[in-house]
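Colleague: Quick one: structure below, then a few questions.
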Amino acid sequence: MMKIRLSDKILPAFQDFHKSLKAEYLYYVLKGGRASSKSTHTAIELVLRRMKYNSHALAIRKYGVYLEKSVYEQLKWAINFLDVRHLWHEKKSPLTLTYLPTGASIYFLGADDPVRIKSLMLSDMPITDLWVEEAADFKTEEEISLMVNTIVRGQLPAGMRYKIFLTYNPPKRKAHWLNKKYETSIIIPNTYIHHSDYRCNPYLSEQILEEIKHVEATNKQKYDWEWLGLPIGSGVVPFNNLRFEPIPDEQIREFDNLRQGLDFGYANDPLSFNRLQYDKTRRGIYVFGEIYGLQISNRALYDKAKSRSWTDKEVKCDSAEPKSIAELKSYGMLAKPVKKGPDSVEYGERWLDDLEFIIIDPVRCPNTTREFEMADYQVDRDGNIKNKLNETDNHSIDSVRYAMNDDMKTSKWGW
């Protein structure tokens, strides 16, 4: 590979991304606002890797019609930017960019033709890199997983590693699978995550910067979403009091005002059991324990709770399942139904939102962390915000709300 002075080519905000490619990450998630140059730097790295390794790359978009005017042109730009145009051959049908010294190529396919992707096999050298541009166009994670599994299958020669690049502007909806997976405090194994926005790009024109300033001044929500790349949801963020941080064992041992809650579930909806501490003086809660999952029977729940010494305290449960509550009692769990009144859900959510802090341990409680992070308000058909959270992925929120039910009734801030 010819020597290229990369310090002049890669922006400071992307130097860490460049260095991270030496690590053993499989997934590289580059997300953020418009004009941040995340796709530009992904293209640069794909070109550099073809010039370094005897392996191919595949660039994909959801719809093939957009390939030539997006990723193909972006990669051609990267080749010119790196001053190596004389070493590359362009081909329009099918779209291909080939590094002449070795034959390592970048191929382009639309995911609207999944048969071509599934049957893609190249005998001369392996495909090691997959770039999914505008990943938010894919409605489910499974669509991308199928493509990844097609690429990542064979044993690679020594020194080579598979690399999967996802680039996108985060969708507005917090419930979108990309936001649920990558807008989180939970560390995802084997994944490098990079967030950028227009401020990372010093080459924007004055006209664009003026437009950005105008949007910031006149429509802050649009600015946050389009230019900062934040998944704003309905635009009003519930639980501004959230903090995600480890809760040490020694601190947990000192907790003396414990609460427990249980939201039943089984086949399609997960069961969620939470154990927490209520700091009444400082008006906050520490969530440090969870049992969460599908098809957890009442007996299995009891056994899990007992193995963790969590059967010592009362558990406030959804009153809609009296049989399950009776069964848990028969095993020895101190299960008690929560009495629901009119607007109790909305009131409970507002009460939690009014606390000074909600601290959740993301390692001990990954599902609780995810649900609270992704919480968003419902909107009506006209886009008006309702005073109630979305009813999907709210199982841990419900169990925490049940756990605090009696405190809500006696609090001077509530009933």
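In the structure tokens, chains take the letters A, B, ... in the order shown, each chain's residues start at 1, and ligands count up from 1 in the order shown.
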As a PyMOL selection string, please: all residues of region 32-182 of chain A that backbone DSSP puts in strand (DSSP E or B).
Modeller: chain A and resi 32+56-61+88-92+95-99+105-110+127-133+163-168
Colleague: Include C-alpha atoms and write out the residues we just selected as a JSON list (two decimals), in the first residue's frame.
Modeller:
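Final file, result-v9.json:
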[["chain", "number", "residue", "atom", "x", "y", "z"],
["A", 32, "GLY", "CA", -25.32, 11.58, 14.12],
["A", 56, "HIS", "CA", -13.42, -7.18, -1.01],
["A", 57, "ALA", "CA", -16.06, -4.87, 0.45],
["A", 58, "LEU", "CA", -19.80, -4.64, -0.12],
["A", 59, "ALA", "CA", -21.73, -1.35, 0.09],
["A", 60, "ILE", "CA", -25.48, -1.69, 0.57],
["A", 61, "ARG", "CA", -28.52, 0.53, 0.70],
["A", 88, "TRP", "CA", -8.50, 2.50, -9.19],
["A", 89, "HIS", "CA", -10.81, 1.34, -11.96],
["A", 90, "GLU", "CA", -14.47, 2.39, -12.12],
["A", 91, "LYS", "CA", -17.19, 0.24, -13.62],
["A", 92, "LYS", "CA", -20.83, 1.24, -13.99],
["A", 95, "LEU", "CA", -21.27, -0.85, -10.12],
["A", 96, "THR", "CA", -17.76, -1.74, -9.02],
["A", 97, "LEU", "CA", -14.61, 0.03, -7.83],
["A", 98, "THR", "CA", -11.42, -2.02, -8.13],
["A", 99, "TYR", "CA", -7.95, -1.42, -6.68],
["A", 105, "SER", "CA", -12.95, -4.41, -5.10],
["A", 106, "ILE", "CA", -15.93, -2.62, -3.62],
["A", 107, "TYR", "CA", -19.24, -4.00, -4.85],
["A", 108, "PHE", "CA", -22.66, -2.36, -4.58],
["A", 109, "LEU", "CA", -26.02, -4.04, -3.99],
["A", 110, "GLY", "CA", -29.50, -2.97, -3.03],
["A", 127, "ILE", "CA", -15.55, -10.15, 1.44],
["A", 128, "THR", "CA", -14.51, -8.76, 4.81],
["A", 129, "ASP", "CA", -16.27, -5.38, 4.94],
["A", 130, "LEU", "CA", -19.96, -4.57, 4.78],
["A", 131, "TRP", "CA", -21.16, -0.94, 4.71],
["A", 132, "VAL", "CA", -24.87, -0.38, 5.33],
["A", 133, "GLU", "CA", -25.56, 3.26, 4.47],
["A", 163, "LYS", "CA", -15.89, -5.18, 9.78],
["A", 164, "ILE", "CA", -19.57, -4.16, 9.60],
["A", 165, "PHE", "CA", -20.22, -0.42, 9.21],
["A", 166, "LEU", "CA", -23.63, 1.11, 9.92],
["A", 167, "THR", "CA", -24.10, 4.80, 9.11],
["A", 168, "TYR", "CA", -27.31, 6.71, 9.70]]
Colleague: Which residues are near Pro322 (chain A)? Cut-off 12 Å, only C-alpha atoms, ignore same chain within fewer than 4 positions. Put them as a PyMOL selection string.
Modeller: chain A and resi 264+317-318+326-329+335-339
Colleague: What would the file look like if the residues just selected were written as a tab-separated table (two decimals), in the first residue's frame with C-alpha atoms?
Modeller:
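The resulting file, out-v6.tsv, is reproduced below:
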chain	number	residue	atom	x	y	z
A	264	PHE	CA	-46.49	-9.96	34.94
A	317	CYS	CA	-47.81	-6.72	41.74
A	318	ASP	CA	-50.21	-5.90	38.94
A	326	ALA	CA	-51.94	-16.44	44.83
A	327	GLU	CA	-49.46	-18.88	43.29
A	328	LEU	CA	-46.49	-16.74	44.29
A	329	LYS	CA	-47.87	-16.52	47.83
A	335	ALA	CA	-46.81	-10.79	46.88
A	336	LYS	CA	-49.42	-8.06	47.20
A	337	PRO	CA	-51.72	-6.60	44.52
A	338	VAL	CA	-51.52	-2.91	43.70
A	339	LYS	CA	-54.87	-1.17	43.86
Colleague: Please compute the CA of Ser36 (chain A)-CA of Trp177 (chain A) distance, one decimal, in Å.
Modeller: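 Computed distance, CA of Ser36 (chain A) to CA of Trp177 (chain A), equals 22.0 Å.
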Colleague: CA of Arg401 (chain A) to CA of Gln221 (chain A): how many Å, to one decimal?
Modeller: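 Separation of CA of Arg401 (chain A) and CA of Gln221 (chain A): 28.9 Å.
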Colleague: What lies within 9 Å of Cys200 (chain A) using only C-alpha atoms, ignoring chain neighbours under 3 positions off, as a list in words?
Modeller: Leu11, Pro12, Ala13, Phe14, Ala35, Ser36, Ser37, Ser196 and Asp197 of chain A
Colleague: Run DSSP on the backbone of this structure and report the residues of region 204-376 of chain A it assigns to alpha helix (DSSP H), as a VMD selection string.
Modeller: chain A and resid 206 to 218 220 to 222 249 to 254 298 to 307 322 to 331 344 to 354 366 to 374
Colleague: Any idea what's packed within 10 Å of Tyr292 (chain A), counting only C-alpha atoms, ignoring anything in its chain fewer than 3 positions away? Could you give it as a list in words?
Modeller: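 Contacts, in chain order: Leu262, Asp263, Gly265, Pro270, Leu271, Ser272, Phe273, Asn274, Gly289, Gln295, Ile296, Leu301, Cys365, Pro366, Asn367, Thr368, His395 and Ser396 of chain A.
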Colleague: Please produce a file of those selected residues containing N, CA and C atoms, as a PDB file, in the first residue's frame.
Modeller:
ATOM      1  N   LEU A 262     -43.496  -5.909  40.533  1.00  0.00           N
ATOM      2  CA  LEU A 262     -43.578  -6.976  39.542  1.00  0.00           C
ATOM      3  C   LEU A 262     -44.668  -6.677  38.527  1.00  0.00           C
ATOM      4  N   ASP A 263     -44.255  -6.674  37.252  1.00  0.00           N
ATOM      5  CA  ASP A 263     -45.207  -6.583  36.149  1.00  0.00           C
ATOM      6  C   ASP A 263     -45.233  -7.945  35.462  1.00  0.00           C
ATOM      7  N   GLY A 265     -45.873 -11.057  32.901  1.00  0.00           N
ATOM      8  CA  GLY A 265     -45.775 -11.285  31.470  1.00  0.00           C
ATOM      9  C   GLY A 265     -45.399 -12.731  31.266  1.00  0.00           C
ATOM     10  N   PRO A 270     -42.646  -9.520  28.160  1.00  0.00           N
ATOM     11  CA  PRO A 270     -41.739 -10.007  29.195  1.00  0.00           C
ATOM     12  C   PRO A 270     -42.234  -9.714  30.609  1.00  0.00           C
ATOM     13  N   LEU A 271     -41.881 -10.578  31.515  1.00  0.00           N
ATOM     14  CA  LEU A 271     -42.068 -10.328  32.945  1.00  0.00           C
ATOM     15  C   LEU A 271     -40.962  -9.399  33.398  1.00  0.00           C
ATOM     16  N   SER A 272     -41.305  -8.494  34.329  1.00  0.00           N
ATOM     17  CA  SER A 272     -40.286  -7.592  34.864  1.00  0.00           C
ATOM     18  C   SER A 272     -40.445  -7.477  36.370  1.00  0.00           C
ATOM     19  N   PHE A 273     -39.386  -7.841  37.088  1.00  0.00           N
ATOM     20  CA  PHE A 273     -39.326  -7.745  38.553  1.00  0.00           C
ATOM     21  C   PHE A 273     -38.179  -6.801  38.876  1.00  0.00           C
ATOM     22  N   ASN A 274     -38.439  -5.827  39.742  1.00  0.00           N
ATOM     23  CA  ASN A 274     -37.379  -4.878  40.116  1.00  0.00           C
ATOM     24  C   ASN A 274     -37.248  -4.747  41.625  1.00  0.00           C
ATOM     25  N   GLY A 289     -31.729  -4.043  40.976  1.00  0.00           N
ATOM     26  CA  GLY A 289     -32.006  -5.453  40.759  1.00  0.00           C
ATOM     27  C   GLY A 289     -33.117  -5.662  39.753  1.00  0.00           C
ATOM     28  N   GLN A 295     -41.424 -15.949  28.993  1.00  0.00           N
ATOM     29  CA  GLN A 295     -41.703 -17.325  29.407  1.00  0.00           C
ATOM     30  C   GLN A 295     -41.041 -17.692  30.734  1.00  0.00           C
ATOM     31  N   ILE A 296     -41.060 -16.741  31.658  1.00  0.00           N
ATOM     32  CA  ILE A 296     -40.616 -17.023  33.023  1.00  0.00           C
ATOM     33  C   ILE A 296     -41.851 -17.387  33.838  1.00  0.00           C
ATOM     34  N   LEU A 301     -39.737 -17.572  38.573  1.00  0.00           N
ATOM     35  CA  LEU A 301     -39.526 -16.245  39.153  1.00  0.00           C
ATOM     36  C   LEU A 301     -39.210 -16.358  40.635  1.00  0.00           C
ATOM     37  N   CYS A 365     -29.031  -3.925  35.706  1.00  0.00           N
ATOM     38  CA  CYS A 365     -30.403  -3.785  35.205  1.00  0.00           C
ATOM     39  C   CYS A 365     -30.407  -3.278  33.759  1.00  0.00           C
ATOM     40  N   PRO A 366     -29.899  -4.067  32.821  1.00  0.00           N
ATOM     41  CA  PRO A 366     -29.818  -3.588  31.430  1.00  0.00           C
ATOM     42  C   PRO A 366     -31.172  -3.341  30.781  1.00  0.00           C
ATOM     43  N   ASN A 367     -32.156  -4.174  31.083  1.00  0.00           N
ATOM     44  CA  ASN A 367     -33.476  -3.997  30.459  1.00  0.00           C
ATOM     45  C   ASN A 367     -34.213  -2.799  31.047  1.00  0.00           C
ATOM     46  N   THR A 368     -34.069  -2.597  32.338  1.00  0.00           N
ATOM     47  CA  THR A 368     -34.662  -1.415  32.969  1.00  0.00           C
ATOM     48  C   THR A 368     -34.024  -0.148  32.417  1.00  0.00           C
ATOM     49  N   HIS A 395     -42.403  -2.343  30.599  1.00  0.00           N
ATOM     50  CA  HIS A 395     -42.631  -3.344  31.646  1.00  0.00           C
ATOM     51  C   HIS A 395     -41.855  -3.019  32.919  1.00  0.00           C
ATOM     52  N   SER A 396     -40.600  -2.603  32.767  1.00  0.00           N
ATOM     53  CA  SER A 396     -39.818  -2.231  33.942  1.00  0.00           C
ATOM     54  C   SER A 396     -40.329  -0.929  34.547  1.00  0.00           C
TER      55      SER A 396
END
Colleague: Find, counting only C-alpha atoms, the residue in A:Asp393, A:Asp279, A:Glu371, A:Glu206 that gets nearest to Phe357 (chain A).
Modeller: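 Between A:Asp393, A:Asp279, A:Glu371, A:Glu206, the residue approaching Phe357 (chain A) most closely is A:Asp279.
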